[in-house]
Structure formats: structure tokens, C-alpha cells
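Have a look at the structure below, then the notes.
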Amino acid sequence: MDILKAKEIVVEAGKQLVSTGLIARTWGNVSCRIDDKQFVITPSGKAYESLTPDDIVLVQMEDLSYEGDIKPSSEKGIHCQCYLHRPDINFVIHTHQPNASVVSALGCDINNIEGYSKELIGDNIPVASYGLPGTGKLRKGVVGALERSDSKAVIMKHHGAVCLGTDYDDAFKVANEVEKVCADFVAKKYNDVTSKVAEGFSDVYNYIVETKAKAELPKEKLTAYDSIRVDDALILSDKEGNTVSVVGLCPKCDELIKGDKYPSEADLHKAIYNSREDIGAIIHSEKEAITAASKIGATVKPFLDDFAQIVGITVKCAEFDAGDTLKSGKKVAKALGGKSRNAVLLKNNGAVCCGPNKDEAGATEMVMEKNCKTYLASELFGGTKAIGKIDSVLMNVVYRLKYSKQK
């Protein structure tokens, strides 16, 4: 294939994958085979929405070398192995898609696929053994999965999926079908465990909450406000983006700088900002999976690589008491802790997801939701092991000190 044409297709594919939710932000990567010796791939750490053909990197299969100042994806070796092991494959998508991520933590292959899914993907989807992102161990795990299966998809343990196609359209269809197959896999387990038919992941969440929540849930529901830090104040807003009030942060500031009310939840946000100077935005998330996890009240560990990197090595659960906002606000801030955590669950009230700006807080929420979904599904399968503490700490430190600064 012509190199420029391949680069244009990769750019188009990246933008379409973002719009469909199969890839978000800079997570994942896309490549296209040129011939038996070369392929082009997305760069490291650049948003797909702004990519141009000049950003796409030409890589040599023989030694993974490339020219120019733009670095190719750190997972270029996985893409290369896909092309080397599968001569019929001309397009590869590595995604962090939600349902495949759920199955990635379970560590078991999906077998006996039937119907259209079988025609498109194959009769199984193997799960590759675990390795840290960008490492030879991760690549070897994918190679092992490719060698024991002729499937067009490989799930990477605690990570995501690799979807293969004869061309872009084929790879895109595979990625979409993988989501369906993974959802069906979890639904079948739900049926096996409960003898009921799952209408969706909501049934899984409700079942796990019923069986795992050990203490009585707080009856009071908080109002989910979002906020941003502006100088020595926080701007509190509702979910429609309307400003509720502007609250002072410094001791000498007036409590209420602007607005006609001071919600008790403002003290929750204020406590977090005053404990962490690096936080510039807070999203109080009531996403379904996050809220279900908050009802259980347990500390949530990383079941996915991107959770360890972006959200934290663990996420604790704390209760915010609207009747004692100053004391309980400090307890929530303490549960959030230092820079290695960017979220804290609120007992029966979802979670506060934080970041240096609104976009990064949104990323925290997105990954938090996916990891909570994975955590709840893993409980359905009898509880699976989270990523080890050493690996989690390593990924978190590398992301904060290196990767996050590329954006």
C-alpha cells in the first residue's frame, strides 16, 4: 500500500474509533501494513482528534526502527508481531474498550463463539498473559496467544484488546463484535450463578451489591456538583454547567464570594482543594458502576493498567456527612491522599474524580468507571486478582513523571 494513503487511513480510523468510544484520548493505537517489511502506526501520547498524516510514523518490521523526531506508539512491537504471525492481516487496532477490559481481568479465554461472531472473529478469543505496558513481556504474551489461536482478536490481561483485520473496515467490525462477545460472556456467567437472564450490566451490579454490601448504607443522598479552581476560589456548578456558587478557599477569603446559596457539598470540594494544590477540577460522578462500587464500600484496587496509571494504586471509600461537613470533608480529603490517587469513593454516593483540569478529571472518571465495572464483574466470577502492588506503583510513578507530561 502507498505510505501516504496508509497514513491517511490510520488518521481516519483513529478519529472514528474515538467517536465510537472504542478508543479514548491517547489510549490505544492503530497501524496499517505497507508491505512485508514496513507498517505505519499512531504516535505516542498524541490525541487522535488532532492527528494528521505527518504525525503517523513509518516503522521497519526487521528492527522496529523509524526516522524523525516523532516517536511511534510504545506498543509498536505488538503490532509488528501481529503482521509477522498473520500474513493475512493488514490492519491492527489496540483498544482499551470497556467490555474487553472487563474480560481482560478475568484471565480466561472466551471459547465456543457461535454465529456471526464466529464468522468474523473465530471460534475463540484468547487472553494473553500479563506484562507491563510497553514491555517485552507484554509482547511475548500476545505472541503466545497468536501462536495458539487463529482468532482475529486477542485480549491482553488487565489491559485491553488487539483487533486484527484484512483492512480497516474489517478490524473495526472485529473491535465492535468483541464488545458484544465479551458482554455475552459476562451475561452467561450471571445466568449460571443466578439462574436469571441479565438485561445488561445493571443486573450484575445490583446482584453484587446485594451480596457484598456489608453495612447499612447512608440514607442521605448528596447532590452531585462539579467544580473548578480559579485562583483562591472554587466555582461550584450543577451537571448542566450552571454556576451554583463561587466559594473562597483561602482563610482570608469570604466563604461565599458569589451566588445565593452555599450547599453543604461545597465543603467537600473545598476540603479537597485545600489538601491538594495539584487539583484544579473535581467531577462528582454518579456513573452506574461507580455508584454500585460506592455502595459496597470497599477499597477498589487496580484491575486495569490505566486505572493504576491515572486514578491510583487504590481508591478508598469514605462517608461525607452533610450534618458535619467540615470534619467529614477532611476525612474524604484524607482518604484521597497524595498525588498517587485522583479519586475517592463516597459511601453510597458515587465518587469524586479529580485532575489538574476539567479534561483530566474527566479522564479520571472515565477510567474509574471502567475499573469499577471490571471490579464488579470480577466478583461475579468469584473474585479475581487485581494487579500487584509493585506493578501498580511502578505504572503510577512512570505515568505521573513521564507520560502525563507529554500531553
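Going by the C-alpha cells order, chains are called A, B, ..., each with residues numbered from 1, while ligands are numbered from 1 in the order shown.
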
Please identify all polymer residues within 6 Å of range 233-247 of chain A, counting only C-alpha atoms, omitting same-chain residues fewer than 4 positions from it, and present them as a PDB file with C-alpha atoms, in the first residue's frame.
```pdb
ATOM      1  CA  TYR A 225     -21.848  19.067  41.867  1.00  0.00           C
ATOM      2  CA  ASP A 226     -18.712  19.611  39.791  1.00  0.00           C
ATOM      3  CA  SER A 227     -16.168  22.349  40.355  1.00  0.00           C
ATOM      4  CA  ILE A 228     -13.038  24.043  39.110  1.00  0.00           C
ATOM      5  CA  ARG A 229     -10.369  26.004  40.988  1.00  0.00           C
ATOM      6  CA  GLU A 255     -16.864  31.960  52.415  1.00  0.00           C
ATOM      7  CA  LEU A 256     -19.289  32.844  49.654  1.00  0.00           C
ATOM      8  CA  ILE A 257     -17.864  35.175  47.059  1.00  0.00           C
ATOM      9  CA  LYS A 258     -20.733  34.936  44.611  1.00  0.00           C
ATOM     10  CA  GLY A 259     -24.054  33.142  44.485  1.00  0.00           C
TER      11      GLY A 259
END
```

Counting only C-alpha atoms, what are the residues of range 151-247 of chain A within 8 Å of range 92-106 of chain A, and for each of them which pair of atoms is the nearest and at what distance in Å, to one decimal? Sort the table by chain and rising number, as a Markdown table.
```
| residue | atom | partner | partner_atom | distance |
| --- | --- | --- | --- | --- |
| A:Ile155 | CA | A:Ser104 | CA | 5.9 |
| A:Met156 | CA | A:Ser104 | CA | 5.9 |
| A:Lys157 | CA | A:Ser104 | CA | 4.4 |
| A:His158 | CA | A:Ala105 | CA | 4.8 |
| A:His159 | CA | A:Ser101 | CA | 6.2 |
| A:Gly160 | CA | A:His96 | CA | 4.4 |
| A:Ala161 | CA | A:Thr95 | CA | 5.3 |
| A:Val162 | CA | A:His94 | CA | 4.4 |
| A:Cys163 | CA | A:Ile93 | CA | 5.1 |
| A:Leu164 | CA | A:Val92 | CA | 4.8 |
| A:Gly165 | CA | A:Val92 | CA | 6.4 |
| A:Tyr168 | CA | A:Val92 | CA | 7.8 |
| A:Ala171 | CA | A:Val92 | CA | 6.6 |
| A:Phe172 | CA | A:Ile93 | CA | 7.8 |
| A:Ala175 | CA | A:Ile93 | CA | 7.8 |
| A:Val178 | CA | A:Ala100 | CA | 6.8 |
| A:Glu179 | CA | A:Asn99 | CA | 5.3 |
| A:Lys180 | CA | A:Asn99 | CA | 7.9 |
| A:Cys182 | CA | A:Asn99 | CA | 5.6 |
| A:Ala183 | CA | A:Asn99 | CA | 6.0 |
| A:Val186 | CA | A:Val103 | CA | 8.0 |
```

When you look at Ser294 in chain A with a cut-off of 10 Å (counting only C-alpha atoms), what residues show up, excluding the ones that are within fewer than 2 positions of it in the same chain? I need them as an MDAnalysis selection string. chainID A and resid 209 213 217 286 288:292 296:300 316:319 344:351 372

Can you pull out the residues contacting range 6-11 of chain A? Cut-off 8 Å, using only C-alpha atoms, and skip same-chain residues under 5 positions away; I want them as a PyMOL selection string. chain A and resi 1+30-34+40-42+48+51-54+56+168

As a ChimeraX atom specification, list the residues of range 314-407 of chain A assigned to helix (DSSP H, G or I) by DSSP on the backbone atoms of this structure. /A:325-336,358-380,389-401,403-406

Two-atom distance - CA of Cys354 in chain A, CA of Ser340 in chain A (Å): 11.5 Å

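Take the candidates A:Leu336, A:Ala322, A:Val174, A:Ala281 and check each one against Lys219 in chain A using only C-alpha atoms; the shortest distance goes to A:Ala322.
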
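Between CA of Gly45 in chain A and CA of Ala13 in chain A the interatomic distance comes to 16.6 Å.
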
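Among the candidate residues A:Pro302, A:Gly107, A:Pro87, A:Gly312, the one lying nearest to Val397 in chain A is A:Gly312, with distances computed using only C-alpha atoms.
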
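You will find CA of Ala361 in chain A at 8.9 Å from CA of Ile279 in chain A.
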
Residues within 6 Å of Ile121 in chain A, please, as a PDB file with C-alpha atoms, in the first residue's frame. Count only C-alpha atoms; anything in the same chain fewer than 4 positions from it doesn't count.
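So result.pdb came out as:
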```pdb
ATOM      1  CA  SER A 117     -19.313 -13.528  15.803  1.00  0.00           C
ATOM      2  CA  SER A 151      -8.646 -15.616  16.180  1.00  0.00           C
ATOM      3  CA  LYS A 152      -8.825 -12.055  14.868  1.00  0.00           C
TER       4      LYS A 152
END
```

Would you kindly return, as a tab-separated table (two decimals) with N, CA and C atoms, in the first residue's frame, each protein, DNA or RNA residue with an atom no farther than 6 Å from any atom of Met61 in chain A, considering only C-alpha atoms and excluding same-chain residues fewer than 6 positions away?
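So the final result, stored in out00.tsv, reads:
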```tsv
chain	number	residue	atom	x	y	z
A	37	LYS	N	7.65	-5.59	4.98
A	37	LYS	CA	8.78	-5.05	5.73
A	37	LYS	C	8.46	-3.79	6.54
A	38	GLN	N	7.32	-3.16	6.27
A	38	GLN	CA	7.02	-1.89	6.90
A	38	GLN	C	5.55	-1.77	7.30
A	80	CYS	N	3.82	-5.18	15.19
A	80	CYS	CA	4.76	-5.86	14.30
A	80	CYS	C	4.57	-7.38	14.36
```

Just the residues within 12 Å of Leu132 in chain A, please, counting only C-alpha atoms, with nothing from its chain fewer than 2 positions along; format it as a CSV table (one decimal) with N, CA and C atoms, in the first residue's frame.
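Produced file around.csv, reproduced below:
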```csv
chain,number,residue,atom,x,y,z
A,74,SER,N,4.4,3.0,21.9
A,74,SER,CA,5.3,2.1,22.6
A,74,SER,C,4.9,0.7,22.4
A,75,GLU,N,3.7,0.4,21.9
A,75,GLU,CA,3.3,-0.9,21.6
A,75,GLU,C,3.5,-1.3,20.1
A,129,SER,N,-1.0,-13.6,28.4
A,129,SER,CA,-0.5,-13.4,29.8
A,129,SER,C,-0.1,-12.0,30.0
A,130,TYR,N,0.0,-11.6,31.3
A,130,TYR,CA,0.2,-10.2,31.7
A,130,TYR,C,1.6,-9.8,31.5
A,134,GLY,N,4.2,-1.6,27.2
A,134,GLY,CA,5.4,-1.3,26.5
A,134,GLY,C,6.6,-2.2,26.7
A,135,THR,N,6.3,-3.3,27.4
A,135,THR,CA,7.5,-4.2,27.7
A,135,THR,C,7.5,-5.4,26.8
A,136,GLY,N,8.7,-6.1,26.8
A,136,GLY,CA,8.8,-7.3,26.0
A,136,GLY,C,8.0,-8.4,26.6
A,137,LYS,N,7.7,-8.4,27.9
A,137,LYS,CA,6.9,-9.4,28.5
A,137,LYS,C,5.4,-9.3,27.9
A,138,LEU,N,4.9,-8.1,27.8
A,138,LEU,CA,3.6,-7.9,27.2
A,138,LEU,C,3.6,-8.4,25.8
A,139,ARG,N,4.6,-8.1,25.0
A,139,ARG,CA,4.7,-8.5,23.6
A,139,ARG,C,4.7,-10.0,23.5
A,140,LYS,N,5.5,-10.7,24.4
A,140,LYS,CA,5.6,-12.1,24.4
A,140,LYS,C,4.3,-12.8,24.7
A,141,GLY,N,3.5,-12.2,25.6
A,141,GLY,CA,2.2,-12.7,25.9
A,141,GLY,C,1.3,-12.7,24.7
A,156,MET,N,-5.6,-8.7,26.1
A,156,MET,CA,-4.4,-8.5,26.9
A,156,MET,C,-4.8,-8.4,28.3
A,157,LYS,N,-4.3,-9.3,29.2
A,157,LYS,CA,-4.7,-9.4,30.6
A,157,LYS,C,-4.5,-8.0,31.3
A,158,HIS,N,-5.5,-7.6,32.0
A,158,HIS,CA,-5.5,-6.3,32.7
A,158,HIS,C,-5.2,-5.1,31.8
A,159,HIS,N,-5.5,-5.2,30.6
A,159,HIS,CA,-5.1,-4.1,29.7
A,159,HIS,C,-6.1,-3.7,28.6
A,304,LEU,N,-7.1,-2.8,36.0
A,304,LEU,CA,-6.7,-2.4,34.7
A,304,LEU,C,-5.5,-1.5,34.8
A,305,ASP,N,-4.6,-1.6,33.8
A,305,ASP,CA,-3.3,-0.8,33.8
A,305,ASP,C,-3.6,0.7,33.9
A,306,ASP,N,-4.6,1.2,33.1
A,306,ASP,CA,-4.8,2.6,33.0
A,306,ASP,C,-5.4,3.2,34.3
A,308,ALA,N,-4.4,2.1,37.4
A,308,ALA,CA,-3.2,2.3,38.2
A,308,ALA,C,-2.4,3.5,37.8
A,309,GLN,N,-2.4,3.8,36.5
A,309,GLN,CA,-1.6,4.9,36.0
A,309,GLN,C,-2.3,6.2,36.3
A,387,ILE,N,-4.1,-6.2,39.9
A,387,ILE,CA,-2.7,-6.1,39.5
A,387,ILE,C,-1.9,-5.9,40.8
A,388,GLY,N,-0.7,-6.5,40.9
A,388,GLY,CA,0.1,-6.5,42.0
A,388,GLY,C,0.5,-5.0,42.4
A,390,ILE,N,3.4,-3.7,43.4
A,390,ILE,CA,4.7,-3.2,42.9
A,390,ILE,C,4.5,-2.7,41.5
A,391,ASP,N,3.8,-3.5,40.6
A,391,ASP,CA,3.5,-3.1,39.3
A,391,ASP,C,2.6,-1.9,39.2
A,392,SER,N,1.6,-1.8,40.1
A,392,SER,CA,0.7,-0.6,40.2
A,392,SER,C,1.5,0.6,40.5
A,393,VAL,N,2.3,0.6,41.5
A,393,VAL,CA,3.1,1.7,41.9
A,393,VAL,C,4.1,2.1,40.8
A,394,LEU,N,4.7,1.2,40.1
A,394,LEU,CA,5.6,1.5,39.1
A,394,LEU,C,4.9,2.2,37.9
A,395,MET,N,3.7,1.7,37.5
A,395,MET,CA,3.0,2.3,36.4
A,395,MET,C,2.5,3.7,36.8
A,396,ASN,N,2.1,3.9,38.0
A,396,ASN,CA,1.6,5.2,38.5
A,396,ASN,C,2.7,6.2,38.5
A,398,VAL,N,5.6,6.1,36.8
A,398,VAL,CA,6.1,6.4,35.4
A,398,VAL,C,5.1,7.3,34.7
```

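Each of A:Asp123, A:Asp109, A:Asp167, A:Glu220 was checked against Phe185 in chain A using only C-alpha atoms; the smallest atom-to-atom distance is that of A:Asp109.
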
For Gly200 in chain A, the closest of A:Gln60, A:Thr314, A:Lys373, A:Thr223 counting only C-alpha atoms is A:Lys373
